[in-house]
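Source file model.pdb; content: PDB, C-alpha atoms, pLDDT in the B column.
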ATOM      1  CA  MET A   1       0.000   0.000   0.000  1.00 62.00           C
ATOM      2  CA  ASP A   2       2.864   2.344   0.838  1.00 76.00           C
ATOM      3  CA  PHE A   3       4.342   1.615  -2.583  1.00 77.00           C
ATOM      4  CA  PHE A   4       1.244   2.830  -4.440  1.00 81.00           C
ATOM      5  CA  THR A   5       0.967   5.791  -2.084  1.00 87.00           C
ATOM      6  CA  THR A   6       4.525   6.809  -2.946  1.00 87.00           C
ATOM      7  CA  ILE A   7       3.910   6.543  -6.684  1.00 89.00           C
ATOM      8  CA  PHE A   8       0.686   8.528  -6.389  1.00 89.00           C
ATOM      9  CA  ARG A   9       2.489  11.240  -4.424  1.00 92.00           C
ATOM     10  CA  LEU A  10       5.087  11.455  -7.167  1.00 92.00           C
ATOM     11  CA  ALA A  11       2.334  11.851  -9.775  1.00 93.00           C
ATOM     12  CA  LEU A  12       0.626  14.496  -7.648  1.00 91.00           C
ATOM     13  CA  GLY A  13       3.933  16.302  -7.180  1.00 93.00           C
ATOM     14  CA  GLY A  14       4.396  16.326 -10.946  1.00 92.00           C
ATOM     15  CA  LEU A  15       0.908  17.726 -11.406  1.00 91.00           C
ATOM     16  CA  LEU A  16       1.469  20.457  -8.794  1.00 92.00           C
ATOM     17  CA  LEU A  17       4.879  21.369 -10.280  1.00 92.00           C
ATOM     18  CA  ASP A  18       6.623  20.682  -6.970  1.00 93.00           C
ATOM     19  CA  THR A  19      10.290  21.378  -7.720  1.00 93.00           C
ATOM     20  CA  ARG A  20      11.412  19.368  -4.677  1.00 93.00           C
ATOM     21  CA  VAL A  21       9.842  16.243  -6.136  1.00 94.00           C
ATOM     22  CA  TYR A  22      11.553  16.813  -9.497  1.00 95.00           C
ATOM     23  CA  ARG A  23      14.931  17.343  -7.826  1.00 93.00           C
ATOM     24  CA  ALA A  24      14.559  14.212  -5.705  1.00 93.00           C
ATOM     25  CA  GLN A  25      13.592  12.283  -8.817  1.00 94.00           C
ATOM     26  CA  ARG A  26      16.745  13.481 -10.596  1.00 93.00           C
ATOM     27  CA  GLU A  27      18.973  12.144  -7.816  1.00 93.00           C
ATOM     28  CA  SER A  28      17.084   8.900  -7.264  1.00 93.00           C
ATOM     29  CA  PRO A  29      18.936   5.776  -8.475  1.00 93.00           C
ATOM     30  CA  THR A  30      15.550   4.245  -9.339  1.00 93.00           C
ATOM     31  CA  GLY A  31      14.171   7.406 -10.942  1.00 92.00           C
ATOM     32  CA  VAL A  32      13.405   5.834 -14.328  1.00 95.00           C
ATOM     33  CA  GLN A  33      11.606   2.878 -12.763  1.00 95.00           C
ATOM     34  CA  ARG A  34       9.546   5.164 -10.564  1.00 94.00           C
ATOM     35  CA  ALA A  35       8.763   7.426 -13.515  1.00 95.00           C
ATOM     36  CA  LEU A  36       7.579   4.406 -15.502  1.00 95.00           C
ATOM     37  CA  LEU A  37       5.284   3.418 -12.664  1.00 95.00           C
ATOM     38  CA  VAL A  38       3.943   6.973 -12.491  1.00 95.00           C
ATOM     39  CA  VAL A  39       3.143   6.925 -16.213  1.00 96.00           C
ATOM     40  CA  VAL A  40       1.444   3.538 -15.929  1.00 95.00           C
ATOM     41  CA  LEU A  41      -0.502   4.449 -12.778  1.00 94.00           C
ATOM     42  CA  VAL A  42      -1.742   7.735 -14.214  1.00 95.00           C
ATOM     43  CA  GLY A  43      -2.701   5.977 -17.455  1.00 94.00           C
ATOM     44  CA  LEU A  44      -4.609   3.284 -15.595  1.00 94.00           C
ATOM     45  CA  LEU A  45      -6.455   5.807 -13.416  1.00 93.00           C
ATOM     46  CA  THR A  46      -7.361   7.959 -16.415  1.00 94.00           C
ATOM     47  CA  GLY A  47      -8.454   4.993 -18.533  1.00 93.00           C
ATOM     48  CA  LEU A  48     -10.524   3.601 -15.669  1.00 93.00           C
ATOM     49  CA  ALA A  49     -12.129   6.990 -15.025  1.00 92.00           C
ATOM     50  CA  VAL A  50     -13.074   7.365 -18.695  1.00 90.00           C
ATOM     51  CA  TRP A  51     -14.551   3.858 -18.726  1.00 92.00           C
ATOM     52  CA  ILE A  52     -16.653   4.504 -15.622  1.00 91.00           C
ATOM     53  CA  GLY A  53     -17.833   7.768 -17.161  1.00 89.00           C
ATOM     54  CA  ASP A  54     -18.771   5.939 -20.369  1.00 87.00           C
ATOM     55  CA  ILE A  55     -20.800   3.422 -18.351  1.00 89.00           C
ATOM     56  CA  GLY A  56     -22.637   6.280 -16.649  1.00 88.00           C
ATOM     57  CA  GLU A  57     -23.389   7.909 -19.991  1.00 85.00           C
ATOM     58  CA  TYR A  58     -24.546   4.606 -21.480  1.00 84.00           C
ATOM     59  CA  LEU A  59     -26.932   3.947 -18.578  1.00 85.00           C
ATOM     60  CA  THR A  60     -28.378   7.463 -18.513  1.00 86.00           C
ATOM     61  CA  GLN A  61     -28.749   8.107 -22.237  1.00 84.00           C
ATOM     62  CA  PRO A  62     -32.256   8.396 -23.718  1.00 82.00           C
ATOM     63  CA  ASP A  63     -33.837   5.195 -25.008  1.00 85.00           C
ATOM     64  CA  PRO A  64     -32.716   4.864 -28.658  1.00 85.00           C
ATOM     65  CA  GLN A  65     -36.162   3.648 -29.768  1.00 86.00           C
ATOM     66  CA  ALA A  66     -37.932   6.559 -28.080  1.00 87.00           C
ATOM     67  CA  LEU A  67     -35.415   9.021 -29.517  1.00 87.00           C
ATOM     68  CA  ARG A  68     -35.836   7.496 -32.958  1.00 87.00           C
ATOM     69  CA  ASP A  69     -39.645   7.696 -32.805  1.00 89.00           C
ATOM     70  CA  THR A  70     -39.580  11.302 -31.569  1.00 90.00           C
ATOM     71  CA  LEU A  71     -37.261  12.446 -34.355  1.00 89.00           C
ATOM     72  CA  TYR A  72     -39.083  10.445 -37.011  1.00 89.00           C
ATOM     73  CA  ASN A  73     -42.526  11.703 -36.077  1.00 90.00           C
ATOM     74  CA  GLY A  74     -41.308  15.271 -35.715  1.00 90.00           C
ATOM     75  CA  LEU A  75     -39.431  15.399 -39.018  1.00 88.00           C
ATOM     76  CA  THR A  76     -42.118  13.689 -41.098  1.00 89.00           C
ATOM     77  CA  ALA A  77     -44.747  16.040 -39.689  1.00 89.00           C
ATOM     78  CA  MET A  78     -42.931  19.116 -41.009  1.00 89.00           C
ATOM     79  CA  PRO A  79     -44.107  20.657 -44.308  1.00 87.00           C
ATOM     80  CA  TRP A  80     -40.654  20.455 -45.891  1.00 85.00           C
ATOM     81  CA  TYR A  81     -40.660  16.645 -45.677  1.00 87.00           C
ATOM     82  CA  ASP A  82     -43.577  16.257 -48.102  1.00 86.00           C
ATOM     83  CA  GLN A  83     -42.070  18.825 -50.458  1.00 86.00           C
ATOM     84  CA  VAL A  84     -38.689  17.102 -50.565  1.00 84.00           C
ATOM     85  CA  ALA A  85     -40.311  13.641 -50.827  1.00 84.00           C
ATOM     86  CA  GLN A  86     -42.330  14.696 -53.862  1.00 85.00           C
ATOM     87  CA  ALA A  87     -39.366  16.321 -55.579  1.00 84.00           C
ATOM     88  CA  ASN A  88     -36.924  13.505 -54.768  1.00 86.00           C
ATOM     89  CA  PRO A  89     -38.423  10.062 -54.054  1.00 83.00           C
ATOM     90  CA  GLU A  90     -34.941   8.632 -53.385  1.00 87.00           C
ATOM     91  CA  PHE A  91     -34.744  10.851 -50.331  1.00 85.00           C
ATOM     92  CA  VAL A  92     -37.590   8.909 -48.732  1.00 84.00           C
ATOM     93  CA  VAL A  93     -35.773   5.603 -49.298  1.00 86.00           C
ATOM     94  CA  VAL A  94     -32.592   6.865 -47.652  1.00 86.00           C
ATOM     95  CA  PHE A  95     -34.561   8.521 -44.864  1.00 87.00           C
ATOM     96  CA  GLU A  96     -36.417   5.297 -44.060  1.00 87.00           C
ATOM     97  CA  GLN A  97     -33.195   3.300 -44.119  1.00 88.00           C
ATOM     98  CA  ILE A  98     -31.622   5.603 -41.566  1.00 87.00           C
ATOM     99  CA  PHE A  99     -34.587   5.447 -39.230  1.00 88.00           C
ATOM    100  CA  ALA A 100     -35.134   1.707 -39.663  1.00 87.00           C
ATOM    101  CA  ASP A 101     -32.422   0.846 -37.149  1.00 85.00           C
ATOM    102  CA  PRO A 102     -32.904   2.394 -33.686  1.00 81.00           C
ATOM    103  CA  SER A 103     -29.239   1.683 -32.859  1.00 79.00           C
ATOM    104  CA  ASN A 104     -28.345   4.575 -35.162  1.00 80.00           C
ATOM    105  CA  PHE A 105     -29.689   6.837 -32.444  1.00 81.00           C
ATOM    106  CA  THR A 106     -27.546   5.511 -29.619  1.00 80.00           C
ATOM    107  CA  LEU A 107     -25.727   8.560 -28.278  1.00 75.00           C
ATOM    108  CA  THR A 108     -22.855   6.717 -26.596  1.00 76.00           C
ATOM    109  CA  ALA A 109     -20.794   3.699 -27.595  1.00 71.00           C
ATOM    110  CA  ASN A 110     -21.001   0.369 -25.821  1.00 74.00           C
ATOM    111  CA  PRO A 111     -18.860   0.647 -22.650  1.00 77.00           C
ATOM    112  CA  LEU A 112     -17.269  -2.708 -23.450  1.00 78.00           C
ATOM    113  CA  VAL A 113     -15.368  -0.945 -26.227  1.00 75.00           C
ATOM    114  CA  GLY A 114     -14.272   1.779 -23.821  1.00 77.00           C
ATOM    115  CA  ALA A 115     -12.796  -0.854 -21.510  1.00 86.00           C
ATOM    116  CA  LEU A 116      -9.896  -1.168 -23.964  1.00 88.00           C
ATOM    117  CA  GLY A 117      -8.864   2.314 -22.908  1.00 87.00           C
ATOM    118  CA  ILE A 118      -7.765   0.959 -19.535  1.00 91.00           C
ATOM    119  CA  VAL A 119      -4.994  -0.919 -21.356  1.00 91.00           C
ATOM    120  CA  VAL A 120      -4.398   1.421 -24.286  1.00 93.00           C
ATOM    121  CA  THR A 121      -4.047   4.634 -22.248  1.00 93.00           C
ATOM    122  CA  PRO A 122      -1.007   3.471 -20.230  1.00 95.00           C
ATOM    123  CA  LEU A 123       0.644   2.107 -23.393  1.00 95.00           C
ATOM    124  CA  VAL A 124       0.149   5.403 -25.210  1.00 94.00           C
ATOM    125  CA  GLY A 125       1.506   7.204 -22.157  1.00 94.00           C
ATOM    126  CA  ILE A 126       4.650   5.066 -22.129  1.00 96.00           C
ATOM    127  CA  VAL A 127       5.324   5.623 -25.834  1.00 95.00           C
ATOM    128  CA  GLY A 128       4.703   9.366 -25.506  1.00 93.00           C
ATOM    129  CA  TRP A 129       6.963   9.546 -22.461  1.00 95.00           C
ATOM    130  CA  PHE A 130       9.892   7.848 -24.210  1.00 95.00           C
ATOM    131  CA  LEU A 131       9.522   9.822 -27.443  1.00 93.00           C
ATOM    132  CA  GLY A 132       8.925  13.165 -25.732  1.00 93.00           C
ATOM    133  CA  GLY A 133      11.644  12.566 -23.163  1.00 94.00           C
ATOM    134  CA  SER A 134      14.148  11.633 -25.866  1.00 94.00           C
ATOM    135  CA  ILE A 135      13.453  14.747 -27.923  1.00 93.00           C
ATOM    136  CA  VAL A 136      13.612  16.968 -24.862  1.00 94.00           C
ATOM    137  CA  HIS A 137      16.873  15.348 -23.737  1.00 95.00           C
ATOM    138  CA  ILE A 138      18.551  15.935 -27.102  1.00 94.00           C
ATOM    139  CA  ALA A 139      17.382  19.553 -27.143  1.00 94.00           C
ATOM    140  CA  ALA A 140      18.402  20.174 -23.537  1.00 94.00           C
ATOM    141  CA  ARG A 141      21.884  18.751 -24.098  1.00 94.00           C
ATOM    142  CA  ALA A 142      22.205  20.932 -27.205  1.00 93.00           C
ATOM    143  CA  PHE A 143      21.484  23.946 -25.010  1.00 93.00           C
ATOM    144  CA  GLY A 144      24.150  22.923 -22.504  1.00 93.00           C
ATOM    145  CA  GLY A 145      22.216  20.604 -20.194  1.00 92.00           C
ATOM    146  CA  ALA A 146      24.165  18.332 -17.865  1.00 91.00           C
ATOM    147  CA  ALA A 147      21.643  15.584 -17.021  1.00 93.00           C
ATOM    148  CA  SER A 148      21.955  12.031 -18.268  1.00 95.00           C
ATOM    149  CA  TYR A 149      19.297  10.415 -20.418  1.00 95.00           C
ATOM    150  CA  ALA A 150      18.053   8.435 -17.423  1.00 95.00           C
ATOM    151  CA  GLN A 151      17.761  11.596 -15.329  1.00 96.00           C
ATOM    152  CA  THR A 152      15.795  13.317 -18.088  1.00 96.00           C
ATOM    153  CA  LEU A 153      13.370  10.412 -18.333  1.00 96.00           C
ATOM    154  CA  ALA A 154      13.090  10.239 -14.553  1.00 95.00           C
ATOM    155  CA  CYS A 155      11.985  13.865 -14.374  1.00 95.00           C
ATOM    156  CA  THR A 156       9.866  14.082 -17.520  1.00 96.00           C
ATOM    157  CA  GLY A 157       7.967  11.004 -16.372  1.00 95.00           C
ATOM    158  CA  LEU A 158       6.586  13.066 -13.512  1.00 94.00           C
ATOM    159  CA  ALA A 159       5.136  15.515 -16.034  1.00 94.00           C
ATOM    160  CA  SER A 160       2.616  12.809 -16.959  1.00 93.00           C
ATOM    161  CA  GLY A 161       1.010  13.559 -13.611  1.00 93.00           C
ATOM    162  CA  VAL A 162      -0.886  16.368 -15.360  1.00 94.00           C
ATOM    163  CA  ASN A 163      -2.981  13.669 -17.016  1.00 93.00           C
ATOM    164  CA  LEU A 164      -4.626  13.173 -13.639  1.00 92.00           C
ATOM    165  CA  LEU A 165      -6.861  16.014 -14.811  1.00 91.00           C
ATOM    166  CA  GLY A 166      -8.470  13.427 -17.071  1.00 90.00           C
ATOM    167  CA  VAL A 167      -9.858  11.648 -14.016  1.00 91.00           C
ATOM    168  CA  VAL A 168     -12.631  14.262 -14.100  1.00 90.00           C
ATOM    169  CA  GLN A 169     -14.112  12.188 -16.936  1.00 89.00           C
ATOM    170  CA  ILE A 170     -15.355   9.733 -14.336  1.00 89.00           C
ATOM    171  CA  VAL A 171     -18.356  12.077 -14.166  1.00 88.00           C
ATOM    172  CA  PRO A 172     -20.752  11.262 -17.032  1.00 84.00           C
ATOM    173  CA  TYR A 173     -20.773  13.885 -19.802  1.00 79.00           C
ATOM    174  CA  ALA A 174     -17.835  15.719 -18.180  1.00 76.00           C
ATOM    175  CA  GLU A 175     -16.072  15.538 -21.551  1.00 69.00           C
ATOM    176  CA  ALA A 176     -18.866  17.390 -23.339  1.00 63.00           C
ATOM    177  CA  PHE A 177     -16.166  19.921 -24.264  1.00 67.00           C
ATOM    178  CA  PRO A 178     -13.097  17.677 -24.798  1.00 67.00           C
ATOM    179  CA  ALA A 179     -11.139  20.498 -26.437  1.00 75.00           C
ATOM    180  CA  GLY A 180     -11.085  22.396 -23.137  1.00 79.00           C
ATOM    181  CA  LEU A 181      -9.693  19.417 -21.222  1.00 83.00           C
ATOM    182  CA  TRP A 182      -7.163  18.712 -23.965  1.00 84.00           C
ATOM    183  CA  LEU A 183      -5.988  22.339 -24.002  1.00 87.00           C
ATOM    184  CA  ALA A 184      -5.646  22.492 -20.214  1.00 88.00           C
ATOM    185  CA  THR A 185      -3.739  19.194 -20.102  1.00 91.00           C
ATOM    186  CA  THR A 186      -1.452  20.185 -22.979  1.00 90.00           C
ATOM    187  CA  LEU A 187      -0.533  23.587 -21.558  1.00 92.00           C
ATOM    188  CA  LEU A 188       0.005  22.241 -18.064  1.00 94.00           C
ATOM    189  CA  GLY A 189       1.980  19.328 -19.530  1.00 93.00           C
ATOM    190  CA  LEU A 190       4.329  21.722 -21.322  1.00 93.00           C
ATOM    191  CA  LEU A 191       4.772  23.692 -18.099  1.00 95.00           C
ATOM    192  CA  ALA A 192       5.479  20.512 -16.128  1.00 95.00           C
ATOM    193  CA  THR A 193       8.010  19.399 -18.770  1.00 95.00           C
ATOM    194  CA  TYR A 194       9.661  22.818 -18.506  1.00 95.00           C
ATOM    195  CA  VAL A 195      10.060  22.352 -14.749  1.00 96.00           C
ATOM    196  CA  ALA A 196      11.382  18.819 -15.328  1.00 95.00           C
ATOM    197  CA  VAL A 197      14.022  20.000 -17.827  1.00 95.00           C
ATOM    198  CA  ARG A 198      15.051  22.957 -15.704  1.00 95.00           C
ATOM    199  CA  GLU A 199      15.486  20.849 -12.573  1.00 94.00           C
ATOM    200  CA  ALA A 200      17.099  17.889 -14.346  1.00 95.00           C
ATOM    201  CA  HIS A 201      19.590  19.817 -16.472  1.00 94.00           C
ATOM    202  CA  GLY A 202      20.076  22.951 -14.379  1.00 92.00           C
ATOM    203  CA  LEU A 203      19.466  25.146 -17.405  1.00 92.00           C
ATOM    204  CA  ALA A 204      18.569  28.813 -17.417  1.00 92.00           C
ATOM    205  CA  PRO A 205      14.836  29.487 -17.784  1.00 92.00           C
ATOM    206  CA  TRP A 206      14.982  30.559 -21.426  1.00 93.00           C
ATOM    207  CA  ARG A 207      17.122  27.561 -22.396  1.00 93.00           C
ATOM    208  CA  SER A 208      14.683  25.222 -20.676  1.00 93.00           C
ATOM    209  CA  PHE A 209      11.806  26.970 -22.422  1.00 94.00           C
ATOM    210  CA  TRP A 210      13.232  26.420 -25.896  1.00 93.00           C
ATOM    211  CA  ALA A 211      14.342  22.883 -25.110  1.00 92.00           C
ATOM    212  CA  VAL A 212      10.728  22.031 -24.316  1.00 94.00           C
ATOM    213  CA  LEU A 213       9.230  23.991 -27.197  1.00 92.00           C
ATOM    214  CA  ILE A 214      11.427  22.575 -29.957  1.00 89.00           C
ATOM    215  CA  GLY A 215       9.574  19.236 -29.971  1.00 84.00           C
ATOM    216  CA  PRO A 216       6.066  20.693 -30.492  1.00 86.00           C
ATOM    217  CA  LEU A 217       7.417  23.172 -33.063  1.00 87.00           C
ATOM    218  CA  LEU A 218       9.031  20.378 -35.060  1.00 84.00           C
ATOM    219  CA  LEU A 219       5.823  18.360 -34.889  1.00 80.00           C
ATOM    220  CA  ILE A 220       3.783  21.312 -36.137  1.00 88.00           C
ATOM    221  CA  ALA A 221       6.283  21.896 -38.957  1.00 88.00           C
ATOM    222  CA  VAL A 222       6.076  18.235 -40.026  1.00 86.00           C
ATOM    223  CA  LEU A 223       2.271  18.273 -39.944  1.00 86.00           C
ATOM    224  CA  VAL A 224       2.135  21.486 -41.975  1.00 90.00           C
ATOM    225  CA  ALA A 225       4.587  20.043 -44.506  1.00 89.00           C
ATOM    226  CA  LEU A 226       2.537  16.853 -44.829  1.00 88.00           C
ATOM    227  CA  TYR A 227      -0.649  18.884 -45.213  1.00 87.00           C
ATOM    228  CA  CYS A 228       0.917  20.982 -47.960  1.00 87.00           C
ATOM    229  CA  CYS A 229       2.137  17.856 -49.753  1.00 87.00           C
ATOM    230  CA  VAL A 230      -1.345  16.321 -49.627  1.00 85.00           C
ATOM    231  CA  VAL A 231      -2.916  19.547 -50.910  1.00 82.00           C
ATOM    232  CA  PHE A 232      -0.410  19.849 -53.751  1.00 80.00           C
ATOM    233  CA  VAL A 233      -0.814  16.199 -54.751  1.00 79.00           C
ATOM    234  CA  PHE A 234      -4.608  16.482 -54.622  1.00 76.00           C
ATOM    235  CA  ALA A 235      -4.570  19.738 -56.584  1.00 71.00           C
ATOM    236  CA  GLY A 236      -2.261  18.179 -59.173  1.00 67.00           C
ATOM    237  CA  ALA A 237      -4.483  15.111 -59.505  1.00 66.00           C
ATOM    238  CA  VAL A 238      -7.594  17.264 -59.909  1.00 63.00           C
ATOM    239  CA  GLY A 239      -5.812  19.440 -62.468  1.00 60.00           C
ATOM    240  CA  SER A 240      -4.784  16.369 -64.465  1.00 63.00           C
ATOM    241  CA  LEU A 241      -8.332  15.015 -64.463  1.00 58.00           C
ATOM    242  CA  VAL A 242      -9.780  18.348 -65.513  1.00 55.00           C
ATOM    243  CA  GLY A 243      -7.164  18.769 -68.229  1.00 57.00           C
ATOM    244  CA  GLY A 244      -7.753  15.231 -69.483  1.00 54.00           C
ATOM    245  CA  ALA A 245     -11.500  15.728 -69.569  1.00 51.00           C
ATOM    246  CA  GLY A 246     -11.139  18.940 -71.531  1.00 51.00           C
ATOM    247  CA  ARG A 247      -9.232  17.298 -74.371  1.00 54.00           C
TER     248      ARG A 247
END
Could I get this file's structure written as structure tokens?
Amino acid sequence: MDFFTTIFRLALGGLLLDTRVYRAQRESPTGVQRALLVVVLVGLLTGLAVWIGDIGEYLTQPDPQALRDTLYNGLTAMPWYDQVAQANPEFVVVFEQIFADPSNFTLTANPLVGALGIVVTPLVGIVGWFLGGSIVHIAARAFGGAASYAQTLACTGLASGVNLLGVVQIVPYAEAFPAGLWLATTLLGLLATYVAVREAHGLAPWRSFWAVLIGPLLLIAVLVALYCCVVFVFAGAVGSLVGGAGR
């Protein structure tokens, strides 16, 4: 029990940006192992919270059959329905096909599917921790950082404690605005990583800032480049088809 309490305190210290916890993690000979356990524990708690929230949403959602009947009766009673049906008989066929299956009006997915998140969330956290920690370590060393790779991972692992914010999803419909939770977690995660790099490498604030920001900036640059490539390829393909059709 004390073991799990210690790991949870580390995660909470990472969430609260407690510099003493980050410093102790840097000097700990088992820092990487403890960081791994923090990532896994936070992932399990978040995945479990999301699953419980999904169960609550599934049990409290409106009856799909009743929702289907209400929408069907309401839409078919409107004047526009008869007008569109007369002008386009195929619309009626598609409309009836959609409303034939009440499961189309289930607002939430089966919670059995969400149970996979209990396993997937920790795995994603581990991969993100290793990739993010590696990029941050390379950048920090380039800016004059003195920490070893293990010390960087030990400290950046605590930054995953910010994902404890996701436990709020245990409340049904708490993720009605997922963008807000994602934004809060991302910003706080960057701040926690900044504290981790500063305490692990002993860098000046501005050096720590850029060491943390280089990773997201590179990711944005890659995504923009890929987007531009897709747009250019699509535009070229469309231009070829139009040119071929015009001949």
So what does the PyMOL selection byres ((chain A and resi 71-73) around 12) actually pick up in this one, as a ChimeraX atom specification?
/A:64-70,74-78,81,92,95-102,104-105
Report as a list in words the residues that result from applying the PyMOL selection byres ((chain A and resi 16) around 10) to the structure here.
Leu10, Ala11, Leu12, Gly13, Gly14, Leu15, Leu17, Asp18, Thr19, Val21, Ala159, Gly161, Val162, Leu188 and Ala192 of chain A
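Of the listed residues A:Gly166, A:Gly202, A:Gln151, A:Phe232, the one whose atoms come nearest to Arg26 (chain A) is A:Gln151, with distances taken using only C-alpha atoms.
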note - CA of Val222 (chain A) and CA of Pro205 (chain A) are separated by 26.4 Å
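Picked by the PyMOL selection byres ((chain A and resi 117-129) around 7) from the coordinates shown: Val39, Val40, Gly43, Leu44, Gly47, Leu48, Gly114, Ala115, Leu116, Phe130, Leu131, Gly132, Gly133 and Gly157 of chain A.
If you look at CA of Val38 (chain A) and CA of Ser160 (chain A), they are 7.5 Å away from each other.
Interatomic distance, CA of Ala150 (chain A) to CA of Ile7 (chain A): 17.9 Å.
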Radius query 12 Å about (19.2, 17.9, -26.9), atoms used: all atoms listed in the file, as number ranges by chain
A: 132-149, 152, 197, 201, 203, 207-208, 210-215
Just want the 12 Å neighbourhood of Thr30 (chain A), counted on only C-alpha atoms, with same-chain residues fewer than 3 positions away dropped. Output as a list of chain:residue names.
A:Ala24, A:Gln25, A:Arg26, A:Glu27, A:Gln33, A:Arg34, A:Ala35, A:Leu36, A:Leu37, A:Ala150, A:Gln151, A:Leu153, A:Ala154, A:Cys155
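Using only C-alpha atoms, the smallest distance between any of A:Thr108, A:Thr6, A:Thr193, A:Thr46 and Asn163 (chain A) comes from A:Thr46.
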